[in-house]
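Enquirer: Just one file: model08.csv, with CSV, C-alpha atoms.
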chain,number,residue,atom,x,y,z
S,1,MET,CA,22.7,-14.1,5.8
S,2,ASN,CA,20.3,-11.4,7.0
S,3,ILE,CA,20.5,-7.7,6.3
S,4,PRO,CA,22.3,-5.6,9.0
S,5,PHE,CA,19.1,-3.7,10.0
S,6,ASP,CA,16.1,-4.7,12.0
S,7,ILE,CA,12.6,-3.2,12.2
S,8,ASN,CA,12.8,-2.4,15.9
S,9,THR,CA,16.5,-1.6,16.5
S,10,THR,CA,18.6,1.5,15.7
S,11,ASN,CA,21.8,0.7,14.0
S,12,GLU,CA,24.7,2.4,12.2
S,13,ILE,CA,27.1,0.7,9.8
S,14,ASP,CA,30.1,1.7,7.7
S,15,ILE,CA,29.7,1.6,3.9
S,16,ASP,CA,32.7,0.7,1.8
S,17,LYS,CA,31.2,2.0,-1.4
S,18,VAL,CA,28.4,4.5,-2.0
S,19,SER,CA,27.5,5.6,-5.5
S,20,PHE,CA,24.8,7.6,-7.2
S,21,ASN,CA,24.1,8.9,-10.7
S,22,HIS,CA,23.2,12.5,-11.3
S,23,PHE,CA,22.7,14.0,-14.8
S,24,GLY,CA,25.2,11.7,-16.5
S,25,VAL,CA,27.8,11.8,-13.7
S,26,LYS,CA,28.5,8.9,-11.4
S,27,TYR,CA,29.8,9.7,-7.9
S,28,ILE,CA,31.6,7.1,-5.8
S,29,GLY,CA,32.6,7.4,-2.1
S,30,ILE,CA,32.5,5.9,1.4
S,31,GLY,CA,30.3,6.7,4.4
S,32,THR,CA,28.0,5.6,7.1
S,33,LEU,CA,24.4,4.5,7.0
S,34,LYS,CA,22.1,4.9,10.1
S,35,TRP,CA,18.7,3.3,10.5
S,36,ASN,CA,15.9,4.3,12.9
S,37,LYS,CA,12.3,3.1,12.3
S,38,LYS,CA,10.9,6.6,13.2
S,39,GLU,CA,13.3,8.5,11.0
S,40,GLY,CA,14.3,6.1,8.3
S,41,PHE,CA,17.8,6.0,6.8
S,42,GLU,CA,20.4,8.7,7.1
S,43,LEU,CA,23.5,8.6,4.8
S,44,LYS,CA,26.7,10.6,5.5
S,45,ALA,CA,29.3,10.1,2.9
S,46,ASN,CA,32.5,11.5,1.5
S,47,PHE,CA,33.2,11.7,-2.2
S,48,ASP,CA,36.7,12.1,-3.7
S,49,PRO,CA,36.5,14.5,-6.7
S,50,GLU,CA,38.8,12.1,-8.6
S,51,ASP,CA,36.0,9.5,-8.4
S,52,TYR,CA,33.5,11.5,-10.4
S,53,PHE,CA,33.2,10.3,-14.0
S,54,LYS,CA,30.8,10.7,-16.8
S,55,PHE,CA,29.2,7.7,-18.4
S,56,LYS,CA,27.2,7.1,-21.6
S,57,GLY,CA,24.5,4.6,-22.6
S,58,LYS,CA,23.1,1.9,-20.4
S,59,LYS,CA,25.0,0.7,-17.4
S,60,SER,CA,24.8,-2.7,-15.7
S,61,TYR,CA,23.2,-2.1,-12.3
S,62,GLY,CA,23.6,-5.6,-10.9
S,63,GLY,CA,20.0,-6.1,-9.7
S,64,PRO,CA,16.5,-7.0,-10.8
S,65,LYS,CA,14.5,-4.8,-13.2
S,66,LEU,CA,12.5,-3.2,-10.4
S,67,LEU,CA,15.7,-1.4,-9.3
S,68,LYS,CA,16.8,-0.2,-12.7
S,69,ASN,CA,15.8,3.4,-12.0
S,70,LYS,CA,17.6,3.6,-8.7
S,71,LEU,CA,19.5,6.7,-7.7
S,72,PHE,CA,21.7,5.6,-4.8
S,73,SER,CA,23.4,2.2,-4.5
S,74,PHE,CA,25.4,0.8,-1.6
S,75,SER,CA,27.7,-2.2,-1.2
S,76,ILE,CA,26.7,-3.4,2.3
S,77,ASN,CA,28.9,-6.5,2.5
S,78,GLU,CA,29.9,-9.5,0.4
S,79,PHE,CA,26.3,-10.7,0.4
S,80,TRP,CA,24.1,-7.6,0.0
S,81,LYS,CA,23.8,-4.5,-2.2
S,82,ALA,CA,21.2,-1.9,-1.4
S,83,TYR,CA,19.4,0.7,-3.5
S,84,THR,CA,17.0,3.6,-2.9
S,85,TRP,CA,15.5,6.8,-4.5
S,86,ILE,CA,14.9,10.3,-3.2
S,87,PRO,CA,12.0,12.6,-4.3
S,88,PHE,CA,12.5,14.4,-7.6
S,89,SER,CA,12.5,17.8,-5.9
S,90,GLU,CA,15.5,16.8,-3.7
S,91,PHE,CA,17.1,15.1,-6.7
S,92,ASN,CA,17.6,18.5,-8.4
S,93,GLU,CA,19.1,19.9,-5.2
S,94,ILE,CA,21.8,17.3,-4.8
S,95,PRO,CA,24.6,19.6,-5.9
S,96,LEU,CA,23.5,21.9,-3.1
S,97,LEU,CA,23.9,19.1,-0.5
S,98,PHE,CA,27.7,18.9,-1.3
S,99,GLY,CA,30.2,20.6,0.9
S,100,ASN,CA,33.9,19.8,0.4
S,101,GLY,CA,33.0,16.5,-1.2
S,102,LYS,CA,30.5,15.5,1.6
S,103,ILE,CA,26.9,14.7,1.3
S,104,SER,CA,24.1,14.0,3.8
S,105,ALA,CA,20.8,12.6,2.7
S,106,ASN,CA,17.7,10.9,4.3
S,107,PHE,CA,15.7,8.1,2.8
S,108,TYR,CA,12.3,6.7,3.8
S,109,ASN,CA,13.3,3.2,2.5
S,110,LEU,CA,16.1,1.0,1.3
S,111,ILE,CA,15.9,-2.1,-0.9
S,112,PHE,CA,18.4,-4.8,-0.3
S,113,TYR,CA,19.4,-7.3,-3.0
S,114,SER,CA,21.3,-10.5,-2.9
S,115,GLU,CA,21.9,-13.5,-5.1
S,116,ALA,CA,22.7,-15.9,-2.2
S,117,VAL,CA,20.7,-19.1,-2.6
S,118,TYR,CA,17.6,-19.2,-0.5
S,119,ASN,CA,14.6,-20.7,-2.2
S,120,LYS,CA,15.5,-24.1,-3.6
S,121,ASN,CA,12.0,-25.1,-4.4
S,122,GLU,CA,11.8,-23.8,-7.9
S,123,SER,CA,8.0,-24.3,-8.2
S,124,LEU,CA,7.3,-21.8,-5.5
S,125,VAL,CA,7.9,-18.1,-4.9
S,126,ARG,CA,8.0,-17.1,-1.2
S,127,GLY,CA,8.0,-13.9,0.8
S,128,ASN,CA,7.5,-12.3,4.2
S,129,CYS,CA,6.0,-9.0,5.2
S,130,TYR,CA,5.7,-7.1,8.4
S,131,PHE,CA,3.0,-4.6,9.4
S,132,ASN,CA,1.8,-2.3,12.1
S,133,LEU,CA,-1.9,-2.6,13.0
S,134,ALA,CA,-4.1,-0.2,15.0
S,135,LYS,CA,-4.1,-0.9,18.7
S,136,GLY,CA,-6.8,-3.3,19.8
S,137,THR,CA,-7.0,-5.1,16.4
S,138,HIS,CA,-8.3,-8.7,16.7
S,139,LEU,CA,-7.4,-11.5,14.3
S,140,PRO,CA,-9.4,-14.7,13.8
S,141,ASP,CA,-6.9,-17.6,14.2
S,142,ALA,CA,-4.4,-19.0,16.6
S,143,VAL,CA,-1.2,-19.5,14.7
S,144,SER,CA,2.3,-20.8,15.5
S,145,LYS,CA,5.5,-19.5,13.9
S,146,GLU,CA,7.3,-22.4,12.1
S,147,ILE,CA,10.8,-22.9,10.9
S,148,LYS,CA,11.2,-25.4,8.1
S,149,ILE,CA,14.1,-27.1,6.4
S,150,LYS,CA,13.1,-29.0,3.2
S,151,ASP,CA,9.5,-28.8,4.2
S,152,ASN,CA,10.2,-30.4,7.5
S,153,ILE,CA,9.2,-28.4,10.6
S,154,ILE,CA,12.2,-28.1,13.0
S,155,PHE,CA,10.7,-25.4,15.3
S,156,GLN,CA,7.2,-24.4,16.3
S,157,SER,CA,6.4,-21.5,18.6
S,158,LYS,CA,3.6,-21.0,21.0
S,159,LYS,CA,0.2,-19.9,19.5
S,160,PHE,CA,-0.3,-16.3,18.6
S,161,GLU,CA,-3.3,-14.4,17.4
S,162,GLY,CA,-3.2,-14.3,13.6
S,163,ILE,CA,-4.6,-15.6,10.3
S,164,LEU,CA,-4.2,-18.7,8.1
S,165,ILE,CA,-5.6,-18.6,4.6
S,166,GLU,CA,-4.8,-21.2,1.9
S,167,ASP,CA,-6.3,-22.4,-1.4
S,168,ASN,CA,-5.0,-23.7,-4.7
S,169,PHE,CA,-3.5,-20.3,-5.5
S,170,PHE,CA,-1.6,-19.2,-2.4
S,171,ARG,CA,-0.9,-19.8,1.3
S,172,ILE,CA,-0.8,-16.9,3.8
S,173,GLN,CA,0.1,-17.4,7.4
S,174,GLY,CA,0.5,-14.5,9.8
S,175,TYR,CA,0.7,-13.8,13.5
S,176,LEU,CA,1.0,-10.9,15.9
S,177,ASN,CA,4.4,-11.3,17.5
S,178,ASP,CA,5.6,-10.2,21.0
S,179,SER,CA,6.5,-6.8,19.6
S,180,LYS,CA,3.0,-6.4,18.3
S,181,VAL,CA,4.2,-6.5,14.7
S,182,PHE,CA,2.0,-8.5,12.4
S,183,GLU,CA,4.4,-10.9,10.6
S,184,ILE,CA,3.1,-12.7,7.5
S,185,SER,CA,4.7,-15.4,5.4
S,186,TRP,CA,3.3,-16.3,2.0
S,187,GLU,CA,4.0,-18.7,-0.8
S,188,MET,CA,2.6,-19.2,-4.3
S,189,ASP,CA,3.1,-21.4,-7.4
S,190,LYS,CA,5.3,-19.3,-9.7
S,191,GLU,CA,3.3,-20.4,-12.7
S,192,LEU,CA,0.2,-18.8,-11.3
S,193,ILE,CA,1.6,-15.3,-10.7
S,194,PRO,CA,3.5,-13.2,-13.2
S,195,LYS,CA,7.1,-12.4,-12.3
S,196,ASN,CA,6.5,-8.7,-12.5
S,197,THR,CA,3.7,-9.0,-9.9
S,198,GLN,CA,5.5,-11.0,-7.3
S,199,TRP,CA,7.1,-8.0,-5.7
S,200,GLU,CA,3.6,-6.4,-5.3
S,201,VAL,CA,2.2,-9.3,-3.2
S,202,ALA,CA,3.0,-7.6,0.0
S,203,ILE,CA,1.3,-4.4,-1.1
S,204,ALA,CA,-1.8,-6.3,-2.1
S,205,ILE,CA,-1.8,-8.0,1.3
S,206,LYS,CA,-1.4,-4.6,3.0
S,207,ASP,CA,-4.3,-3.1,1.1
S,208,SER,CA,-6.6,-6.1,1.5
S,209,LEU,CA,-5.9,-6.1,5.3
S,210,SER,CA,-6.5,-2.3,5.4
S,211,ILE,CA,-9.9,-2.6,3.6
S,212,ASN,CA,-11.0,-5.6,5.7
S,213,LEU,CA,-9.9,-4.1,9.1
S,214,GLY,CA,-10.9,-0.5,8.3
S,215,GLN,CA,-7.5,1.0,9.0
S,216,THR,CA,-4.4,2.1,7.1
S,217,VAL,CA,-2.2,-0.9,7.8
S,218,VAL,CA,1.5,0.2,7.7
S,219,LEU,CA,4.0,-1.9,5.8
S,220,LEU,CA,7.4,-2.0,7.7
S,221,ARG,CA,9.3,-4.5,5.6
S,222,ARG,CA,8.7,-6.9,2.7
S,223,ASP,CA,10.9,-9.8,1.6
S,224,LEU,CA,10.8,-11.7,-1.7
S,225,TYR,CA,12.6,-15.0,-2.2
S,226,ARG,CA,12.7,-16.5,-5.7
S,227,ASN,CA,15.2,-19.2,-6.8
S,228,ASP,CA,18.6,-17.8,-5.9
S,229,LYS,CA,17.6,-14.1,-5.5
S,230,SER,CA,16.5,-12.3,-2.3
S,231,ILE,CA,15.0,-8.8,-2.3
S,232,ILE,CA,14.2,-7.0,1.0
S,233,GLU,CA,12.7,-3.5,1.5
S,234,LEU,CA,12.9,-1.8,4.9
S,235,ILE,CA,10.5,1.2,5.3
S,236,LYS,CA,10.2,4.1,7.6
S,237,GLU,CA,7.4,3.8,10.1
S,238,LYS,CA,4.2,5.8,9.7
S,239,GLU,CA,1.1,6.3,11.8
S,240,VAL,CA,-1.8,3.9,11.5
S,241,THR,CA,-5.2,5.6,10.9
S,242,ASP,CA,-8.3,3.8,12.2
S,243,LEU,CA,-11.3,4.8,10.1
S,244,GLY,CA,-13.6,4.1,13.0
S,245,TYR,CA,-17.1,5.3,12.2
S,246,PHE,CA,-16.3,5.6,8.5
S,247,LYS,CA,-15.0,2.0,8.0
S,248,PRO,CA,-16.2,1.0,4.5
S,249,ILE,CA,-16.8,-2.7,5.2
S,250,TYR,CA,-18.8,-4.2,8.1
S,251,ASN,CA,-17.5,-7.5,9.4
S,252,LYS,CA,-19.5,-9.2,12.2
S,253,ASN,CA,-16.4,-11.1,13.4
S,254,PHE,CA,-13.8,-8.2,12.9
S,255,PHE,CA,-12.1,-10.1,10.0
S,256,ASP,CA,-13.7,-11.9,7.0
S,257,LYS,CA,-11.3,-14.3,5.3
S,258,GLU,CA,-13.5,-14.6,2.2
S,259,LYS,CA,-13.5,-10.9,1.7
S,260,PHE,CA,-9.8,-10.7,2.3
S,261,ASN,CA,-9.2,-13.4,-0.3
S,262,LEU,CA,-11.3,-11.9,-3.0
S,263,ILE,CA,-9.9,-8.3,-2.5
S,264,PHE,CA,-6.3,-9.6,-2.4
S,265,LYS,CA,-6.7,-11.5,-5.7
S,266,ALA,CA,-8.5,-8.6,-7.3
S,267,LEU,CA,-5.7,-6.2,-6.3
S,268,LEU,CA,-3.0,-8.5,-7.8
S,269,LYS,CA,-4.6,-8.3,-11.2
S,270,LYS,CA,-3.5,-4.6,-11.3
S,271,ASP,CA,-6.3,-3.7,-13.7
S,272,LYS,CA,-8.9,-1.0,-13.7
S,273,ASN,CA,-11.0,-2.6,-11.0
S,274,ALA,CA,-7.9,-3.0,-8.8
S,275,LYS,CA,-7.1,0.7,-9.3
S,276,ILE,CA,-10.7,1.7,-8.2
S,277,ILE,CA,-10.6,-0.6,-5.2
S,278,HIS,CA,-7.3,1.0,-4.0
S,279,GLU,CA,-8.2,4.6,-4.7
S,280,LEU,CA,-11.7,4.4,-3.2
S,281,PHE,CA,-10.4,3.1,0.1
S,282,TYR,CA,-7.5,5.5,0.4
S,283,GLN,CA,-9.7,8.5,-0.6
S,284,ILE,CA,-11.8,7.6,2.5
S,285,ALA,CA,-8.6,7.3,4.6
S,286,ASP,CA,-7.0,10.5,3.3
S,287,SER,CA,-10.1,12.5,3.7
S,288,LEU,CA,-10.1,11.7,7.5
S,289,ILE,CA,-6.6,13.1,7.8
S,290,VAL,CA,-7.7,16.4,6.2
S,291,ARG,CA,-8.3,18.9,9.0
S,292,ASN,CA,-10.7,21.1,6.9
S,293,PHE,CA,-14.2,19.8,7.3
S,294,ALA,CA,-15.4,21.2,3.9
S,295,MET,CA,-12.5,19.5,2.1
S,296,TRP,CA,-13.3,16.2,3.9
S,297,GLN,CA,-16.8,16.3,2.6
S,298,PHE,CA,-15.7,17.3,-0.9
S,299,MET,CA,-13.2,14.5,-1.2
S,300,LEU,CA,-15.7,11.8,-0.1
S,301,ALA,CA,-18.4,13.1,-2.4
S,302,ASN,CA,-16.1,13.5,-5.5
S,303,SER,CA,-14.9,9.9,-5.0
S,304,LEU,CA,-18.3,8.8,-6.4
S,305,GLU,CA,-17.8,10.7,-9.7
S,306,ALA,CA,-14.1,9.7,-9.9
S,307,PHE,CA,-14.8,5.9,-9.6
S,308,LEU,CA,-17.6,6.1,-12.1
S,309,ARG,CA,-15.6,8.0,-14.6
S,310,THR,CA,-12.7,5.5,-14.2
S,311,TYR,CA,-14.9,2.4,-14.4
S,312,TYR,CA,-16.7,3.6,-17.5
S,313,GLU,CA,-13.6,5.2,-19.0
S,314,LYS,CA,-15.0,8.7,-19.2
S,315,PRO,CA,-12.2,11.0,-18.2
S,316,PHE,CA,-12.8,14.7,-17.7
S,317,GLN,CA,-11.3,16.7,-20.5
S,318,ILE,CA,-9.9,20.1,-19.7
S,319,GLY,CA,-11.2,22.7,-22.1
S,320,LYS,CA,-14.1,20.6,-23.4
S,321,LYS,CA,-17.3,22.7,-23.1
S,322,ASN,CA,-19.9,20.0,-23.4
S,323,ASP,CA,-19.0,17.3,-20.9
S,324,THR,CA,-22.0,14.9,-21.2
S,325,PHE,CA,-21.0,12.8,-18.2
S,326,LYS,CA,-23.9,12.5,-15.7
S,327,VAL,CA,-23.1,11.0,-12.3
S,328,GLU,CA,-26.7,9.9,-11.8
S,329,SER,CA,-27.0,8.0,-15.1
S,330,TYR,CA,-23.7,6.1,-14.6
S,331,LEU,CA,-24.5,5.4,-11.0
S,332,TYR,CA,-27.7,3.6,-12.0
S,333,GLU,CA,-25.9,1.9,-14.8
S,334,PHE,CA,-23.5,0.5,-12.2
S,335,LYS,CA,-26.4,-0.6,-10.1
S,336,ARG,CA,-27.9,-2.5,-13.1
S,337,GLU,CA,-24.5,-4.2,-13.6
S,338,TYR,CA,-23.8,-5.3,-10.0
S,339,PHE,CA,-26.9,-4.9,-7.8
S,340,GLU,CA,-29.9,-6.2,-9.8
S,341,LYS,CA,-30.1,-9.9,-8.7
S,342,ASP,CA,-30.5,-9.8,-4.9
S,343,TYR,CA,-32.2,-7.4,-2.5
S,344,VAL,CA,-33.4,-5.4,-5.5
S,345,LYS,CA,-35.8,-3.1,-3.6
S,346,GLU,CA,-33.3,-2.4,-0.8
S,347,TRP,CA,-30.5,-1.5,-3.3
S,348,ARG,CA,-32.9,0.7,-5.3
S,349,ASP,CA,-33.6,2.8,-2.2
S,350,ILE,CA,-29.9,2.8,-1.2
S,351,PHE,CA,-28.8,4.1,-4.6
S,352,LYS,CA,-31.3,6.9,-4.4
S,353,LYS,CA,-30.0,7.9,-1.0
S,354,VAL,CA,-26.3,7.6,-2.2
S,355,TYR,CA,-27.0,10.1,-5.0
S,356,GLN,CA,-28.8,12.5,-2.6
S,357,CYS,CA,-25.8,12.3,-0.2
S,358,TYR,CA,-23.5,13.0,-3.2
S,359,LYS,CA,-25.5,16.1,-4.2
S,360,ASP,CA,-25.8,17.4,-0.7
S,361,LEU,CA,-22.0,17.2,0.0
S,362,ARG,CA,-20.8,18.0,-3.4
S,363,HIS,CA,-23.0,21.1,-4.1
S,364,ILE,CA,-22.7,22.8,-0.7
S,365,ASN,CA,-19.0,22.6,-0.9
S,366,ALA,CA,-18.8,23.7,-4.6
S,367,HIS,CA,-20.8,26.8,-3.6
S,368,PRO,CA,-19.7,27.4,0.0
S,369,ASP,CA,-20.7,29.8,2.7
S,370,TRP,CA,-19.9,29.9,6.4
S,371,LEU,CA,-23.5,30.6,7.5
S,372,ASN,CA,-24.2,27.1,8.8
S,373,SER,CA,-20.6,26.2,9.8
S,374,LEU,CA,-21.6,26.4,13.5
S,375,ASN,CA,-24.9,24.6,13.1
S,376,SER,CA,-24.5,21.3,15.0
S,377,GLU,CA,-27.6,19.8,13.4
S,378,THR,CA,-26.5,20.6,9.9
S,379,ASN,CA,-23.0,19.2,10.6
S,380,GLN,CA,-24.4,16.0,12.0
S,381,LYS,CA,-26.4,15.5,8.8
S,382,LYS,CA,-23.2,16.0,6.8
S,383,ILE,CA,-21.4,13.4,8.9
S,384,GLU,CA,-24.2,10.9,8.4
S,385,ALA,CA,-24.0,11.5,4.7
S,386,MET,CA,-20.3,10.9,4.7
S,387,ARG,CA,-20.6,7.7,6.7
S,388,TYR,CA,-23.3,6.5,4.3
S,389,LEU,CA,-21.0,7.2,1.2
S,390,SER,CA,-18.1,5.4,3.0
S,391,LYS,CA,-20.3,2.3,3.6
S,392,PHE,CA,-21.5,2.4,0.0
S,393,TYR,CA,-17.9,2.5,-1.3
S,394,GLY,CA,-17.2,-0.6,0.7
S,395,TYR,CA,-20.0,-2.4,-1.3
S,396,VAL,CA,-18.5,-1.1,-4.5
S,397,ILE,CA,-15.1,-2.5,-3.5
S,398,LEU,CA,-16.6,-5.9,-2.7
S,399,ALA,CA,-18.6,-5.9,-6.0
S,400,LEU,CA,-15.6,-5.1,-8.1
S,401,ALA,CA,-13.6,-7.8,-6.2
S,402,GLY,CA,-16.1,-10.4,-7.3
S,403,TYR,CA,-18.3,-10.7,-4.1
S,404,ARG,CA,-21.9,-11.6,-5.0
S,405,ASN,CA,-25.2,-11.7,-3.2
S,406,LEU,CA,-24.4,-8.6,-1.3
S,407,LYS,CA,-26.8,-7.9,1.5
S,408,PRO,CA,-27.0,-4.2,2.3
S,409,GLU,CA,-26.3,-3.4,6.0
S,410,PHE,CA,-26.0,0.3,6.6
Turn this file's structure into structure tokens for me.
Expert:
Amino acid sequence: MNIPFDINTTNEIDIDKVSFNHFGVKYIGIGTLKWNKKEGFELKANFDPEDYFKFKGKKSYGGPKLLKNKLFSFSINEFWKAYTWIPFSEFNEIPLLFGNGKISANFYNLIFYSEAVYNKNESLVRGNCYFNLAKGTHLPDAVSKEIKIKDNIIFQSKKFEGILIEDNFFRIQGYLNDSKVFEISWEMDKELIPKNTQWEVAIAIKDSLSINLGQTVVLLRRDLYRNDKSIIELIKEKEVTDLGYFKPIYNKNFFDKEKFNLIFKALLKKDKNAKIIHELFYQIADSLIVRNFAMWQFMLANSLEAFLRTYYEKPFQIGKKNDTFKVESYLYEFKREYFEKDYVKEWRDIFKKVYQCYKDLRHINAHPDWLNSLNSETNQKKIEAMRYLSKFYGYVILALAGYRNLKPEF
């Protein structure tokens, strides 16, 4: 039984029961729920004042632990319940949304939960995820969509552009469908991946794809099937940003499976290195969205200090007068740890230039003036320095993911 909403269609359904908790009061009502991929979900509901009641202590929420802090819950039909949150700022304004027992609210996502039997193979956990890619993206494999019953293929589609990656840890198969949505199915041995990490597989796939392709791949939907439980999240569509000239990783053939594999596995560990990998890439991406040129430079430059402080666990302490952290010292310490075995001379020169780019971009924006803002030659040098730092961050990501024998190609 599928959910009543699809990525590419607009739909509105009646909800027999809507409930949400607000400062110790549970509200119950009925309403309608509308979905549009560009706008997300829109709830319109009526609440009878007699159905407000206070509760104490912990309540059973009828879902997995990842939903325990939900705000709104919906009974969709006999198979599905759904849950979502709204931003904290809007949470405090909920009483203001009421008018004669009515409420209207918008959500960027909805998580559907069911205990209908799906995955009978208890040794595996499976899932699907759906993405938007930048226009013109090329993928390395020719892949067919398959439908299986008890591991027997009962349907196989024509070949699509996609990816197929498998090893002893996981299997990922994806294809770019007729709607230009990149649809991926994956499976893993449950013994090899912690239960609290399984829901994050789609996010790790998204981030590894983004880093590999040099674009902010957008997650539209993710499904998780484990034993007799199904969890599906549908998400409002966002714009894909192609990093273009500032892509951190260079791939001769557009997509490198080995790099994808290493980054994906590193992200699933959810440790310090995974945090740095994620933050470094999205600092580059977020800086491109900023319209202010000075802020763009500042964000890229400061990412060097941020990742070094994080890696060596040297946080900046507010109010501490003598912060002994030296970016140059820890940068060369990082070089000794990851870049001393191969291409030693090349990396020595690169690290010198990286530090110079950092100083040029960081200091000129910490002490700004507008005298050179219209100087095209100066601006071109700044852009080259930003591109150089972006490429360097790509090598940092690969090193932290476990990639060795890194040949510098700037």
Enquirer: Excluding region 243-259 of chain S and its own-chain neighbours fewer than 5 positions away, which residues fall within 6 Å of it when counting all atoms listed in the file? Please give them as a list in words.
Expert: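 Near neighbours after the sequence-gap exclusion: Gly214, Gln215, Arg387, Ser390, Lys391 and Gly394 of chain S.
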Enquirer: Would you mind listing what lies within 8 Å of Leu220 (chain S) as a ChimeraX atom specification, with only C-alpha atoms counted and same-chain residues fewer than 5 positions away left out?
Expert: /S:7,129-132,234-237
Enquirer: Mind writing the picked residues with C-alpha atoms as a short mmCIF file (atom, residue, chain, number, x, y, z; two decimals), keeping the file's coordinate frame?
Expert:
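Once everything was written out, this is again_7.cif:
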data_model
loop_
_atom_site.label_atom_id
_atom_site.label_comp_id
_atom_site.auth_asym_id
_atom_site.auth_seq_id
_atom_site.Cartn_x
_atom_site.Cartn_y
_atom_site.Cartn_z
CA ILE S 7 12.60 -3.20 12.20
CA CYS S 129 6.00 -9.00 5.20
CA TYR S 130 5.70 -7.10 8.40
CA PHE S 131 3.00 -4.60 9.40
CA ASN S 132 1.80 -2.30 12.10
CA LEU S 234 12.90 -1.80 4.90
CA ILE S 235 10.50 1.20 5.30
CA LYS S 236 10.20 4.10 7.60
CA GLU S 237 7.40 3.80 10.10
#
Enquirer: With a distance cut-off of 8 Å and all atoms listed in the file, select the neighbouring residues of Phe281 (chain S), excluding the residue or stretch itself and same-chain residues fewer than 2 positions from it, and output the selection as a PyMOL selection string.
Expert: chain S and resi 211+248+277-279+283-285+393-394
Enquirer: Which residues are near Phe182 (chain S)? Cut-off 10 Å, only C-alpha atoms, ignore same chain within fewer than 2 positions. Put them as a ChimeraX atom specification.
Expert: /S:129-133,161-163,174-180,184,217-220
Enquirer: Can you measure CA of Ala142 (chain S) to CA of Leu124 (chain S) for me? One decimal in Å is fine.
Expert: 25.2 Å
Enquirer: Which neighbours of Thr9 (chain S) fall inside 10 Å, counting only C-alpha atoms, when residues of the same chain fewer than 5 positions from it are skipped, and could you give them as a PyMOL selection string?
Expert: chain S and resi 35-37
Enquirer: CA of Leu288 (chain S) and CA of Asp242 (chain S) are how many Å apart?
Expert: 9.4 Å
Enquirer: Have a look at CA of Val344 (chain S) and CA of Glu384 (chain S) and let me know their distance in Å, one decimal.
Expert: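 For CA of Val344 (chain S) relative to CA of Glu384 (chain S), the distance reads 23.3 Å.
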Enquirer: Within 10 Å of (-27.3, -0.8, -10.0) (coordinates as in the file), grab all the protein and nucleic acid residues, counting all atoms listed in the file, and write them out as a CSV table (one decimal) with C-alpha atoms, in the frame of the given file.
Expert:
chain,number,residue,atom,x,y,z
S,330,TYR,CA,-23.7,6.1,-14.6
S,331,LEU,CA,-24.5,5.4,-11.0
S,332,TYR,CA,-27.7,3.6,-12.0
S,333,GLU,CA,-25.9,1.9,-14.8
S,334,PHE,CA,-23.5,0.5,-12.2
S,335,LYS,CA,-26.4,-0.6,-10.1
S,336,ARG,CA,-27.9,-2.5,-13.1
S,337,GLU,CA,-24.5,-4.2,-13.6
S,338,TYR,CA,-23.8,-5.3,-10.0
S,339,PHE,CA,-26.9,-4.9,-7.8
S,340,GLU,CA,-29.9,-6.2,-9.8
S,341,LYS,CA,-30.1,-9.9,-8.7
S,344,VAL,CA,-33.4,-5.4,-5.5
S,347,TRP,CA,-30.5,-1.5,-3.3
S,348,ARG,CA,-32.9,0.7,-5.3
S,350,ILE,CA,-29.9,2.8,-1.2
S,351,PHE,CA,-28.8,4.1,-4.6
Enquirer: Restricting the calculation to only C-alpha atoms, which member of S:Leu224, S:Ile232, S:Leu398, S:Leu280 is positioned closest to Phe264 (chain S)?
Expert: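 For Phe264 (chain S), the nearest of the candidates is S:Leu398.
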